[in-house]
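Asker: start_32.txt is reproduced in full below (compact mmCIF, C-alpha atoms).
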```
# COMPACT_ATOMS: atom_id res chain seq x y z
CA MET A 1 -48.64 17.11 -4.20
CA SER A 2 -46.99 15.43 -7.13
CA ASN A 3 -45.82 11.83 -7.09
CA GLU A 4 -42.96 12.71 -9.42
CA TRP A 5 -39.42 12.55 -8.11
CA PRO A 6 -37.75 15.99 -7.85
CA LEU A 7 -36.16 17.45 -10.96
CA TRP A 8 -32.37 17.65 -11.30
CA GLU A 9 -30.24 19.52 -13.83
CA VAL A 10 -27.33 17.51 -15.20
CA PHE A 11 -23.88 18.84 -16.10
CA ILE A 12 -21.28 16.68 -17.83
CA ARG A 13 -17.56 17.28 -18.33
CA GLY A 14 -16.68 15.86 -21.71
CA GLN A 15 -12.93 15.64 -21.23
CA HIS A 16 -10.17 16.90 -18.98
CA GLY A 17 -9.58 20.63 -19.34
CA LEU A 18 -13.13 21.43 -20.42
CA SER A 19 -15.76 22.77 -18.09
CA HIS A 20 -18.97 20.97 -17.17
CA ARG A 21 -21.78 21.72 -19.62
CA HIS A 22 -25.49 21.54 -19.06
CA VAL A 23 -26.85 18.54 -20.98
CA GLY A 24 -30.43 18.25 -19.73
CA SER A 25 -32.50 17.27 -16.76
CA LEU A 26 -33.99 14.17 -15.14
CA HIS A 27 -36.03 12.98 -12.17
CA ALA A 28 -34.51 11.21 -9.18
CA SER A 29 -35.29 10.65 -5.51
CA ASP A 30 -31.97 11.97 -4.15
CA ALA A 31 -28.55 13.17 -5.29
CA GLU A 32 -26.97 9.71 -5.48
CA HIS A 33 -29.92 8.40 -7.46
CA ALA A 34 -29.65 11.42 -9.75
CA ILE A 35 -25.96 10.68 -10.46
CA ARG A 36 -26.79 7.07 -11.33
CA ASN A 37 -29.68 8.12 -13.55
CA ALA A 38 -27.47 10.69 -15.25
CA ARG A 39 -24.90 7.97 -15.86
CA ASP A 40 -27.54 5.84 -17.56
CA VAL A 41 -29.39 8.57 -19.43
CA TYR A 42 -26.57 10.90 -20.51
CA THR A 43 -23.27 9.01 -20.62
CA ARG A 44 -24.19 5.84 -22.53
CA ARG A 45 -22.00 6.81 -25.46
CA LYS A 46 -18.86 7.89 -23.63
CA GLU A 47 -20.00 11.50 -23.42
CA GLY A 48 -18.33 12.25 -20.14
CA ILE A 49 -15.75 11.73 -17.43
CA SER A 50 -17.46 13.69 -14.67
CA ILE A 51 -21.08 14.34 -13.71
CA TRP A 52 -22.61 17.13 -11.63
CA VAL A 53 -26.26 17.17 -10.64
CA VAL A 54 -28.01 20.17 -9.14
CA PRO A 55 -31.58 20.34 -7.80
CA ALA A 56 -33.47 22.34 -10.41
CA SER A 57 -35.13 24.24 -7.56
CA SER A 58 -31.70 25.54 -6.46
CA ILE A 59 -31.02 27.32 -9.71
CA ALA A 60 -31.80 31.02 -9.75
CA ALA A 61 -32.44 32.37 -13.24
CA SER A 62 -32.71 35.86 -14.70
CA SER A 63 -36.18 36.87 -15.74
CA PRO A 64 -36.97 37.27 -19.47
CA ASP A 65 -38.91 40.44 -18.52
CA GLU A 66 -35.69 42.15 -17.52
CA LYS A 67 -34.04 41.45 -20.85
CA GLY A 68 -33.97 45.10 -21.89
CA ALA A 69 -32.38 46.44 -18.75
CA LEU A 70 -29.93 43.57 -18.41
CA TYR A 71 -28.62 43.13 -21.93
CA ASP A 72 -29.54 45.97 -24.27
CA PRO A 73 -27.12 48.53 -22.77
CA ALA A 74 -24.21 46.40 -23.99
CA ASP A 75 -25.38 46.65 -27.62
CA ASP A 76 -23.69 50.02 -28.41
CA LYS A 77 -20.50 49.44 -26.47
CA VAL A 78 -18.49 47.63 -29.08
CA TYR A 79 -15.29 49.02 -27.54
CA ARG A 80 -15.71 46.45 -24.79
CA HIS A 81 -14.55 43.86 -27.29
CA PRO A 82 -10.78 43.94 -27.77
CA THR A 83 -11.16 44.41 -31.54
CA PHE A 84 -9.24 47.69 -31.89
CA PHE A 85 -5.75 46.30 -31.54
CA ASP A 86 -3.43 45.30 -34.36
CA ILE A 87 -2.43 41.74 -33.66
CA PRO A 88 0.81 40.49 -35.22
CA ASP A 89 0.28 37.61 -37.64
CA ASP A 90 2.76 35.49 -35.67
CA VAL A 91 0.36 35.39 -32.71
CA GLY A 92 -2.04 33.28 -34.74
CA ALA A 93 -5.67 32.75 -33.84
CA MET A 94 -6.82 34.37 -30.60
CA MET K 1 -15.45 -29.72 -19.39
CA SER K 2 -14.84 -26.01 -19.60
CA VAL K 3 -17.20 -25.64 -22.58
CA GLN K 4 -20.19 -26.52 -20.36
CA GLY K 5 -18.94 -24.04 -17.77
CA LEU K 6 -18.69 -21.30 -20.42
CA ILE K 7 -22.17 -22.08 -21.72
CA ARG K 8 -23.56 -21.79 -18.20
CA LEU K 9 -22.17 -18.27 -17.84
CA GLY K 10 -23.29 -17.23 -21.31
CA ASP K 11 -26.79 -18.64 -20.81
CA ASN K 12 -27.18 -16.79 -17.50
CA THR K 13 -26.39 -13.45 -19.08
CA LEU K 14 -28.40 -14.21 -22.23
CA ILE K 15 -31.59 -15.24 -20.42
CA LEU K 16 -31.44 -12.44 -17.87
CA GLY K 17 -30.59 -9.91 -20.59
CA GLN K 18 -33.61 -11.05 -22.60
CA ARG K 19 -35.84 -10.91 -19.52
CA LEU K 20 -34.73 -7.36 -18.70
CA SER K 21 -35.24 -6.22 -22.27
CA GLU K 22 -38.94 -7.10 -21.86
CA TRP K 23 -39.13 -3.94 -19.73
CA CYS K 24 -38.03 -1.70 -22.61
CA GLY K 25 -40.73 0.96 -22.99
CA HIS K 26 -42.59 -0.26 -19.88
CA GLY K 27 -40.33 0.98 -17.04
CA PRO K 28 -41.97 2.77 -14.11
CA ALA K 29 -39.99 5.93 -14.93
CA LEU K 30 -38.05 6.96 -18.01
CA GLU K 31 -34.77 6.91 -16.07
CA GLU K 32 -35.36 3.37 -14.74
CA ASP K 33 -36.43 2.19 -18.18
CA ILE K 34 -33.16 3.32 -19.72
CA ALA K 35 -31.15 1.89 -16.83
CA LEU K 36 -32.78 -1.54 -17.25
CA ALA K 37 -32.16 -1.47 -21.00
CA ASN K 38 -28.51 -0.54 -20.38
CA THR K 39 -28.13 -3.47 -18.00
CA ALA K 40 -29.79 -5.79 -20.51
CA LEU K 41 -27.38 -4.65 -23.23
CA ASP K 42 -24.38 -5.15 -20.94
CA LEU K 43 -25.53 -8.71 -20.27
CA ILE K 44 -26.12 -9.48 -23.96
CA GLY K 45 -22.63 -8.13 -24.68
CA GLN K 46 -21.16 -10.47 -22.08
CA THR K 47 -23.16 -13.30 -23.66
CA GLN K 48 -21.41 -12.73 -26.98
CA LEU K 49 -18.06 -13.16 -25.24
CA TRP K 50 -18.95 -16.25 -23.19
CA LEU K 51 -20.91 -18.08 -25.88
CA GLY K 52 -18.40 -16.95 -28.51
CA LEU K 53 -15.59 -18.58 -26.55
CA ALA K 54 -17.74 -21.66 -25.86
CA ALA K 55 -18.46 -22.04 -29.59
CA GLU K 56 -14.79 -21.62 -30.48
CA ARG K 57 -13.68 -24.18 -27.88
CA SER K 58 -16.32 -26.73 -28.87
CA GLY K 59 -14.79 -26.71 -32.36
CA ASN K 60 -17.86 -28.07 -34.14
CA GLY K 61 -18.73 -25.04 -36.28
CA GLN K 62 -21.04 -23.45 -33.72
CA THR K 63 -21.15 -19.69 -33.18
CA ALA K 64 -22.53 -17.56 -30.36
CA ASP K 65 -25.62 -17.02 -32.52
CA THR K 66 -26.30 -20.70 -33.20
CA LEU K 67 -25.93 -21.42 -29.49
CA ALA K 68 -28.33 -18.62 -28.58
CA TYR K 69 -30.96 -19.18 -31.26
CA HIS K 70 -30.83 -22.83 -32.27
CA ARG K 71 -30.88 -24.67 -29.00
CA ASP K 72 -34.05 -25.76 -27.20
CA ALA K 73 -34.97 -25.24 -23.55
CA TRP K 74 -33.44 -28.54 -22.37
CA ASP K 75 -30.07 -27.54 -23.85
CA PHE K 76 -29.88 -24.31 -21.86
CA ARG K 77 -27.69 -24.26 -18.76
CA ASN K 78 -28.78 -21.04 -17.06
CA LEU K 79 -29.76 -20.77 -13.39
CA LEU K 80 -33.48 -21.10 -12.65
CA LEU K 81 -33.36 -17.65 -11.02
CA VAL K 82 -32.73 -15.76 -14.25
CA GLU K 83 -35.58 -17.37 -16.21
CA GLN K 84 -38.21 -16.38 -13.61
CA PRO K 85 -40.77 -13.93 -15.04
CA ASN K 86 -40.44 -10.20 -14.40
CA LYS K 87 -43.81 -9.88 -12.61
CA ASP K 88 -43.66 -6.39 -11.04
CA PHE K 89 -40.72 -4.00 -10.65
CA ALA K 90 -40.09 -5.38 -7.13
CA VAL K 91 -39.58 -8.95 -8.39
CA THR K 92 -37.43 -7.71 -11.28
CA MET K 93 -35.16 -5.66 -9.04
CA MET K 94 -34.94 -8.31 -6.30
CA ARG K 95 -34.01 -10.93 -8.93
CA GLN K 96 -31.42 -8.50 -10.28
CA PHE K 97 -30.01 -7.80 -6.83
CA LEU K 98 -29.67 -11.52 -5.97
CA PHE K 99 -28.08 -12.29 -9.33
CA ASP K 100 -25.77 -9.22 -9.30
CA THR K 101 -24.53 -10.06 -5.81
CA TRP K 102 -23.58 -13.59 -6.92
CA HIS K 103 -22.38 -12.46 -10.37
CA TYR K 104 -20.05 -9.84 -8.90
CA GLU K 105 -18.31 -12.31 -6.54
CA MET K 106 -18.18 -14.97 -9.24
CA LEU K 107 -16.56 -12.68 -11.84
CA ASN K 108 -14.12 -11.27 -9.30
CA ALA K 109 -12.97 -14.82 -8.58
CA LEU K 110 -12.76 -15.63 -12.30
CA THR K 111 -10.40 -12.71 -12.97
CA ASP K 112 -7.69 -14.95 -11.47
CA HIS K 113 -8.62 -17.93 -13.64
CA ILE K 114 -5.67 -19.79 -15.11
CA ASP K 115 -7.15 -19.56 -18.63
CA PRO K 116 -6.19 -16.08 -19.94
CA GLU K 117 -9.28 -15.74 -22.17
CA ILE K 118 -11.65 -16.55 -19.32
CA SER K 119 -9.78 -14.14 -17.06
CA ALA K 120 -9.96 -11.40 -19.72
CA ILE K 121 -13.73 -11.73 -20.17
CA ALA K 122 -14.20 -11.67 -16.39
CA GLN K 123 -12.07 -8.53 -16.06
CA LYS K 124 -14.10 -6.73 -18.71
CA SER K 125 -17.46 -7.88 -17.33
CA VAL K 126 -16.77 -7.16 -13.68
CA LYS K 127 -16.61 -3.41 -14.34
CA GLU K 128 -20.13 -3.48 -15.74
CA VAL K 129 -21.39 -5.78 -13.01
CA THR K 130 -19.91 -3.58 -10.26
CA TYR K 131 -22.27 -0.88 -11.46
CA HIS K 132 -25.21 -3.31 -11.82
CA ARG K 133 -24.74 -4.41 -8.22
CA GLU K 134 -24.53 -0.84 -6.92
CA ARG K 135 -27.67 0.11 -8.74
CA SER K 136 -29.79 -2.89 -7.75
CA THR K 137 -28.54 -2.72 -4.14
CA ASP K 138 -29.58 0.93 -3.87
CA THR K 139 -32.98 0.15 -5.38
CA VAL K 140 -33.61 -2.73 -2.95
CA ILE K 141 -32.72 -0.44 -0.04
CA ALA K 142 -34.82 2.47 -1.33
CA LEU K 143 -37.91 0.32 -1.95
CA GLY K 144 -37.47 -1.99 1.06
CA ASP K 145 -37.12 0.98 3.39
CA GLY K 146 -39.70 3.00 1.47
CA THR K 147 -43.47 3.14 1.74
CA ASP K 148 -45.62 0.37 3.26
CA GLU K 149 -46.56 -0.81 -0.21
CA SER K 150 -43.02 -0.86 -1.61
CA HIS K 151 -41.78 -2.67 1.52
CA THR K 152 -44.51 -5.31 1.23
CA ARG K 153 -43.80 -5.82 -2.46
CA MET K 154 -40.06 -6.19 -1.90
CA GLN K 155 -40.55 -8.69 0.93
CA THR K 156 -42.99 -10.67 -1.24
CA ALA K 157 -40.44 -10.62 -4.06
CA LEU K 158 -37.66 -11.84 -1.77
CA ASP K 159 -39.83 -14.66 -0.38
CA ARG K 160 -40.82 -15.65 -3.93
CA LEU K 161 -37.25 -15.74 -5.29
CA TRP K 162 -35.48 -17.14 -2.23
CA PRO K 163 -35.89 -20.81 -3.32
CA TYR K 164 -33.79 -19.96 -6.41
CA VAL K 165 -30.80 -18.58 -4.51
CA GLY K 166 -29.28 -21.90 -3.46
CA GLU K 167 -28.72 -23.13 -7.02
CA MET K 168 -26.14 -20.38 -7.59
CA PHE K 169 -23.90 -22.11 -5.03
CA SER K 170 -24.52 -25.72 -6.01
CA ALA K 171 -21.24 -27.00 -7.42
CA ASP K 172 -20.15 -29.68 -9.86
CA GLU K 173 -17.12 -30.35 -12.05
CA ASP K 174 -18.59 -28.56 -15.10
CA ASP K 175 -18.26 -25.17 -13.38
CA LEU K 176 -15.25 -22.98 -14.14
CA MET K 177 -14.71 -22.53 -10.41
CA ASP K 178 -15.94 -23.64 -6.99
CA MET K 179 -19.30 -21.88 -6.78
CA ALA K 180 -19.89 -23.01 -3.18
CA ALA K 181 -16.87 -20.95 -2.10
CA LEU K 182 -18.71 -17.74 -3.09
CA ARG K 183 -21.42 -18.12 -0.48
CA PRO K 184 -19.75 -16.36 2.50
CA LYS K 185 -19.09 -13.14 0.54
CA PHE K 186 -22.56 -13.30 -0.99
CA ASP K 187 -24.09 -13.65 2.46
CA VAL K 188 -22.21 -10.62 3.79
CA HIS K 189 -23.49 -8.28 1.08
CA LEU K 190 -26.95 -9.84 1.26
CA SER K 191 -27.41 -9.45 5.00
CA GLU K 192 -25.98 -5.90 5.03
CA THR K 193 -28.36 -4.87 2.28
CA LEU K 194 -31.40 -6.59 3.76
CA GLN K 195 -30.72 -5.04 7.12
CA GLU K 196 -30.54 -1.57 5.63
CA SER K 197 -33.66 -2.20 3.60
CA THR K 198 -35.60 -3.50 6.67
CA LEU K 199 -36.36 -6.76 4.83
CA THR K 200 -36.36 -10.18 6.49
CA GLN K 201 -34.16 -12.94 5.10
CA PRO K 202 -36.21 -16.16 4.74
CA GLU K 203 -34.99 -19.02 6.92
CA SER K 204 -35.60 -21.97 4.63
CA ASP K 205 -32.54 -23.42 2.91
CA PHE K 206 -34.59 -25.46 0.42
CA PHE K 207 -33.77 -24.63 -3.18
CA HIS K 208 -34.92 -25.68 -6.63
CA GLN K 209 -32.34 -27.30 -8.87
CA GLY K 210 -32.09 -28.28 -12.52
CA GLY K 211 -31.34 -25.03 -14.34
CA LYS K 212 -27.56 -25.21 -14.64
CA THR K 213 -27.70 -28.93 -15.44
CA GLY K 214 -30.60 -28.46 -17.87
CA ALA K 215 -32.49 -31.28 -16.17
CA ARG K 216 -35.48 -29.31 -14.93
CA HIS K 217 -36.05 -25.84 -16.31
CA SER K 218 -39.25 -24.07 -15.30
CA GLU K 219 -42.08 -23.76 -17.83
CA HIS K 220 -41.23 -20.07 -18.22
CA LEU K 221 -38.04 -20.70 -20.21
CA GLY K 222 -39.72 -22.30 -23.23
CA HIS K 223 -42.17 -19.41 -23.62
CA MET K 224 -39.34 -16.90 -23.43
CA LEU K 225 -37.22 -18.77 -25.96
CA ALA K 226 -40.16 -18.97 -28.37
CA THR K 227 -40.26 -15.18 -28.46
CA MET K 228 -36.49 -14.76 -28.52
CA GLN K 229 -35.78 -17.35 -31.21
CA VAL K 230 -38.72 -17.00 -33.61
CA LEU K 231 -37.04 -14.62 -36.05
CA PRO K 232 -33.75 -16.45 -36.67
CA ARG K 233 -35.62 -19.78 -36.79
CA SER K 234 -38.19 -18.53 -39.29
CA TYR K 235 -35.54 -16.84 -41.45
CA PRO K 236 -32.34 -18.81 -40.78
CA ASP K 237 -30.22 -16.91 -43.29
CA ALA K 238 -31.55 -13.44 -42.50
CA LYS K 239 -28.90 -10.73 -42.31
CA TRP K 240 -29.11 -7.29 -40.73
```
What does this structure look like when you write it as structure tokens?

Answerer:
Amino acid sequence: MSNEWPLWEVFIRGQHGLSHRHVGSLHASDAEHAIRNARDVYTRRKEGISIWVVPASSIAASSPDEKGALYDPADDKVYRHPTFFDIPDDVGAM
Amino acid sequence: MSVQGLIRLGDNTLILGQRLSEWCGHGPALEEDIALANTALDLIGQTQLWLGLAAERSGNGQTADTLAYHRDAWDFRNLLLVEQPNKDFAVTMMRQFLFDTWHYEMLNALTDHIDPEISAIAQKSVKEVTYHRERSTDTVIALGDGTDESHTRMQTALDRLWPYVGEMFSADEDDLMDMAALRPKFDVHLSETLQESTLTQPESDFFHQGGKTGARHSEHLGHMLATMQVLPRSYPDAKW
């Protein structure tokens, strides 16, 4: 049994209109404590306007072993990118 | 009159900020270490404002820096509470909680001060101190209502620091406001927090005096100032 506080993953929204981004992790005793610690560790330099914390144990991740089956089949399917259309110059950057 | 009152506020934040910065690199957890350093920096920032205004008002060529680094212990006007040594994390956080609870009510009252510069500094500071108070209150509750050891340490810390609470509410004409009037609100937050943290409020109403008047600082202040002031006193014209 470890004496460490549980691990939390921290997500910060940098500004209105952007989505929360993962910025790192920290230890805290509960969710409220984790928010306060995230405020002190990750938003000292005005990095954010909103904080999410998630127990690291609640995150399900894909396994590196399944890389081939999960991602390789997309390699030869370039037609899934919408790159075969002529886009008028007036549309600008897409 | 108001210059002494400004110096009192600036000395409180300076001395407590310096005390907290002693934890830098020694916190019990990385997250708490950073949080203490953040609080210390907030307090030093507030010091620049209070002592800066005090220096300007005194009109004798002083600056915030000369006030901070070229006065001796008997010229300081901080509360005895803030010069008390850090000891363990329990004493540090209990000292912070007691100070934050007073500081928050005091700054809130000062936001309505008739002097616009004093009101402006209070308005800026109270946002930081609102967070300080939340954080130290939560820590007192978590450790008071925690394990047997953390509870014992927090109660010991409270008993040790209790004789320094009364000075925060001792009033004289040098203060920028009536400090005694803050006591009822202080007591409400204190008793709510202590109840939740299962700690027992000491009954004695004896308190040490002499910090805010400069008459009787504890021996701890001189040692702290020696460390804090050695560089600018050894190299008076040093520039960053």

Asker: Only residues of chain A matter here; which ones have an atom within 9 Å of chain K, counting all atoms listed in the file? Give them as a PDB file with C-alpha atoms, keeping the file's coordinate frame.

Answerer:
```pdb
ATOM      1  CA  LEU A  26     -33.990  14.170 -15.140  1.00  0.00           C
ATOM      2  CA  HIS A  27     -36.030  12.980 -12.170  1.00  0.00           C
ATOM      3  CA  ALA A  28     -34.510  11.210  -9.180  1.00  0.00           C
ATOM      4  CA  HIS A  33     -29.920   8.400  -7.460  1.00  0.00           C
ATOM      5  CA  ARG A  36     -26.790   7.070 -11.330  1.00  0.00           C
ATOM      6  CA  ASN A  37     -29.680   8.120 -13.550  1.00  0.00           C
ATOM      7  CA  ALA A  38     -27.470  10.690 -15.250  1.00  0.00           C
ATOM      8  CA  ARG A  39     -24.900   7.970 -15.860  1.00  0.00           C
ATOM      9  CA  ASP A  40     -27.540   5.840 -17.560  1.00  0.00           C
ATOM     10  CA  VAL A  41     -29.390   8.570 -19.430  1.00  0.00           C
ATOM     11  CA  ARG A  44     -24.190   5.840 -22.530  1.00  0.00           C
TER      12      ARG A  44
END
```

Asker: Excluding K:Leu199 and residues on its chain fewer than 3 positions from it, collect all residues at most 10 Å away from it, counting all atoms listed in the file, and give them as a ChimeraX atom specification.

Answerer: /K:140-141,143-145,151-152,154-156,158,191,193-196,202

Asker: Would you work out the distance separating atom CA of K:Phe97 from atom CA of K:Leu9, expressed in Å to one decimal?

Answerer: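 Calculated distance between atom CA of K:Phe97 and atom CA of K:Leu9 is 17.1 Å.
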
Asker: May I ask for the distance between atom CA of K:Gln209 and atom CA of K:Asp172, given in Å to one decimal place?

Answerer: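 Computing the Euclidean distance for atom CA of K:Gln209 and atom CA of K:Asp172 yields 12.5 Å.
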
Asker: One decimal, in Å: what's the spacing between atom CA of K:Arg71 and atom CA of K:Arg57?

Answerer: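 Separation of atom CA of K:Arg71 and atom CA of K:Arg57: 17.2 Å.
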
Asker: Could you write stretch 176-206 of chain K as a PDB file, in the frame of the given file, with N, CA and C atoms rebuilt where they are missing?

Answerer:
```pdb
ATOM      1  N   LEU K 176     -16.612 -23.488 -13.928  1.00  0.00           N
ATOM      2  CA  LEU K 176     -15.250 -22.980 -14.140  1.00  0.00           C
ATOM      3  C   LEU K 176     -14.535 -22.747 -12.811  1.00  0.00           C
ATOM      4  N   MET K 177     -15.310 -22.765 -11.724  1.00  0.00           N
ATOM      5  CA  MET K 177     -14.710 -22.530 -10.410  1.00  0.00           C
ATOM      6  C   MET K 177     -15.607 -23.148  -9.346  1.00  0.00           C
ATOM      7  N   ASP K 178     -15.160 -23.093  -8.090  1.00  0.00           N
ATOM      8  CA  ASP K 178     -15.940 -23.640  -6.990  1.00  0.00           C
ATOM      9  C   ASP K 178     -17.003 -22.634  -6.565  1.00  0.00           C
ATOM     10  N   MET K 179     -18.232 -22.843  -7.047  1.00  0.00           N
ATOM     11  CA  MET K 179     -19.300 -21.880  -6.780  1.00  0.00           C
ATOM     12  C   MET K 179     -19.658 -21.832  -5.287  1.00  0.00           C
ATOM     13  N   ALA K 180     -19.526 -22.973  -4.610  1.00  0.00           N
ATOM     14  CA  ALA K 180     -19.890 -23.010  -3.180  1.00  0.00           C
ATOM     15  C   ALA K 180     -19.030 -22.046  -2.369  1.00  0.00           C
ATOM     16  N   ALA K 181     -17.793 -21.810  -2.850  1.00  0.00           N
ATOM     17  CA  ALA K 181     -16.870 -20.950  -2.100  1.00  0.00           C
ATOM     18  C   ALA K 181     -17.306 -19.485  -2.110  1.00  0.00           C
ATOM     19  N   LEU K 182     -18.269 -19.137  -2.997  1.00  0.00           N
ATOM     20  CA  LEU K 182     -18.710 -17.740  -3.090  1.00  0.00           C
ATOM     21  C   LEU K 182     -19.718 -17.370  -2.018  1.00  0.00           C
ATOM     22  N   ARG K 183     -20.284 -18.370  -1.377  1.00  0.00           N
ATOM     23  CA  ARG K 183     -21.420 -18.120  -0.480  1.00  0.00           C
ATOM     24  C   ARG K 183     -21.116 -17.150   0.662  1.00  0.00           C
ATOM     25  N   PRO K 184     -19.975 -17.279   1.368  1.00  0.00           N
ATOM     26  CA  PRO K 184     -19.750 -16.360   2.500  1.00  0.00           C
ATOM     27  C   PRO K 184     -19.769 -14.884   2.090  1.00  0.00           C
ATOM     28  N   LYS K 185     -19.095 -14.545   0.972  1.00  0.00           N
ATOM     29  CA  LYS K 185     -19.090 -13.140   0.540  1.00  0.00           C
ATOM     30  C   LYS K 185     -20.480 -12.691   0.097  1.00  0.00           C
ATOM     31  N   PHE K 186     -21.187 -13.598  -0.584  1.00  0.00           N
ATOM     32  CA  PHE K 186     -22.560 -13.300  -0.990  1.00  0.00           C
ATOM     33  C   PHE K 186     -23.406 -12.981   0.236  1.00  0.00           C
ATOM     34  N   ASP K 187     -23.270 -13.822   1.258  1.00  0.00           N
ATOM     35  CA  ASP K 187     -24.090 -13.650   2.460  1.00  0.00           C
ATOM     36  C   ASP K 187     -23.807 -12.329   3.165  1.00  0.00           C
ATOM     37  N   VAL K 188     -22.546 -11.889   3.139  1.00  0.00           N
ATOM     38  CA  VAL K 188     -22.210 -10.620   3.790  1.00  0.00           C
ATOM     39  C   VAL K 188     -22.949  -9.463   3.123  1.00  0.00           C
ATOM     40  N   HIS K 189     -22.833  -9.388   1.783  1.00  0.00           N
ATOM     41  CA  HIS K 189     -23.490  -8.280   1.080  1.00  0.00           C
ATOM     42  C   HIS K 189     -25.005  -8.378   1.207  1.00  0.00           C
ATOM     43  N   LEU K 190     -25.509  -9.621   1.147  1.00  0.00           N
ATOM     44  CA  LEU K 190     -26.950  -9.840   1.260  1.00  0.00           C
ATOM     45  C   LEU K 190     -27.476  -9.348   2.611  1.00  0.00           C
ATOM     46  N   SER K 191     -26.838  -9.780   3.696  1.00  0.00           N
ATOM     47  CA  SER K 191     -27.410  -9.450   5.000  1.00  0.00           C
ATOM     48  C   SER K 191     -27.241  -7.963   5.295  1.00  0.00           C
ATOM     49  N   GLU K 192     -26.126  -7.360   4.844  1.00  0.00           N
ATOM     50  CA  GLU K 192     -25.980  -5.900   5.030  1.00  0.00           C
ATOM     51  C   GLU K 192     -27.100  -5.146   4.321  1.00  0.00           C
ATOM     52  N   THR K 193     -27.358  -5.573   3.074  1.00  0.00           N
ATOM     53  CA  THR K 193     -28.360  -4.870   2.280  1.00  0.00           C
ATOM     54  C   THR K 193     -29.766  -5.074   2.841  1.00  0.00           C
ATOM     55  N   LEU K 194     -30.063  -6.321   3.235  1.00  0.00           N
ATOM     56  CA  LEU K 194     -31.400  -6.590   3.760  1.00  0.00           C
ATOM     57  C   LEU K 194     -31.630  -5.849   5.063  1.00  0.00           C
ATOM     58  N   GLN K 195     -30.574  -5.755   5.864  1.00  0.00           N
ATOM     59  CA  GLN K 195     -30.720  -5.040   7.120  1.00  0.00           C
ATOM     60  C   GLN K 195     -31.055  -3.572   6.873  1.00  0.00           C
ATOM     61  N   GLU K 196     -30.299  -2.984   5.918  1.00  0.00           N
ATOM     62  CA  GLU K 196     -30.540  -1.570   5.630  1.00  0.00           C
ATOM     63  C   GLU K 196     -31.910  -1.353   4.996  1.00  0.00           C
ATOM     64  N   SER K 197     -32.386  -2.371   4.291  1.00  0.00           N
ATOM     65  CA  SER K 197     -33.660  -2.200   3.600  1.00  0.00           C
ATOM     66  C   SER K 197     -34.835  -2.665   4.456  1.00  0.00           C
ATOM     67  N   THR K 198     -34.585  -3.041   5.708  1.00  0.00           N
ATOM     68  CA  THR K 198     -35.600  -3.500   6.670  1.00  0.00           C
ATOM     69  C   THR K 198     -36.356  -4.729   6.180  1.00  0.00           C
ATOM     70  N   LEU K 199     -35.720  -5.531   5.317  1.00  0.00           N
ATOM     71  CA  LEU K 199     -36.360  -6.760   4.830  1.00  0.00           C
ATOM     72  C   LEU K 199     -35.865  -7.949   5.654  1.00  0.00           C
ATOM     73  N   THR K 200     -36.682  -9.000   5.688  1.00  0.00           N
ATOM     74  CA  THR K 200     -36.360 -10.180   6.490  1.00  0.00           C
ATOM     75  C   THR K 200     -35.887 -11.320   5.597  1.00  0.00           C
ATOM     76  N   GLN K 201     -34.694 -11.826   5.886  1.00  0.00           N
ATOM     77  CA  GLN K 201     -34.160 -12.940   5.100  1.00  0.00           C
ATOM     78  C   GLN K 201     -34.919 -14.226   5.448  1.00  0.00           C
ATOM     79  N   PRO K 202     -35.487 -14.919   4.463  1.00  0.00           N
ATOM     80  CA  PRO K 202     -36.210 -16.160   4.740  1.00  0.00           C
ATOM     81  C   PRO K 202     -35.274 -17.200   5.366  1.00  0.00           C
ATOM     82  N   GLU K 203     -35.841 -18.069   6.195  1.00  0.00           N
ATOM     83  CA  GLU K 203     -34.990 -19.020   6.920  1.00  0.00           C
ATOM     84  C   GLU K 203     -34.759 -20.321   6.172  1.00  0.00           C
ATOM     85  N   SER K 204     -35.693 -20.676   5.305  1.00  0.00           N
ATOM     86  CA  SER K 204     -35.600 -21.970   4.630  1.00  0.00           C
ATOM     87  C   SER K 204     -34.328 -22.077   3.790  1.00  0.00           C
ATOM     88  N   ASP K 205     -33.690 -23.241   3.812  1.00  0.00           N
ATOM     89  CA  ASP K 205     -32.540 -23.420   2.910  1.00  0.00           C
ATOM     90  C   ASP K 205     -32.878 -24.395   1.781  1.00  0.00           C
ATOM     91  N   PHE K 206     -34.172 -24.666   1.589  1.00  0.00           N
ATOM     92  CA  PHE K 206     -34.590 -25.460   0.420  1.00  0.00           C
ATOM     93  C   PHE K 206     -34.324 -24.667  -0.852  1.00  0.00           C
TER      94      PHE K 206
END
```
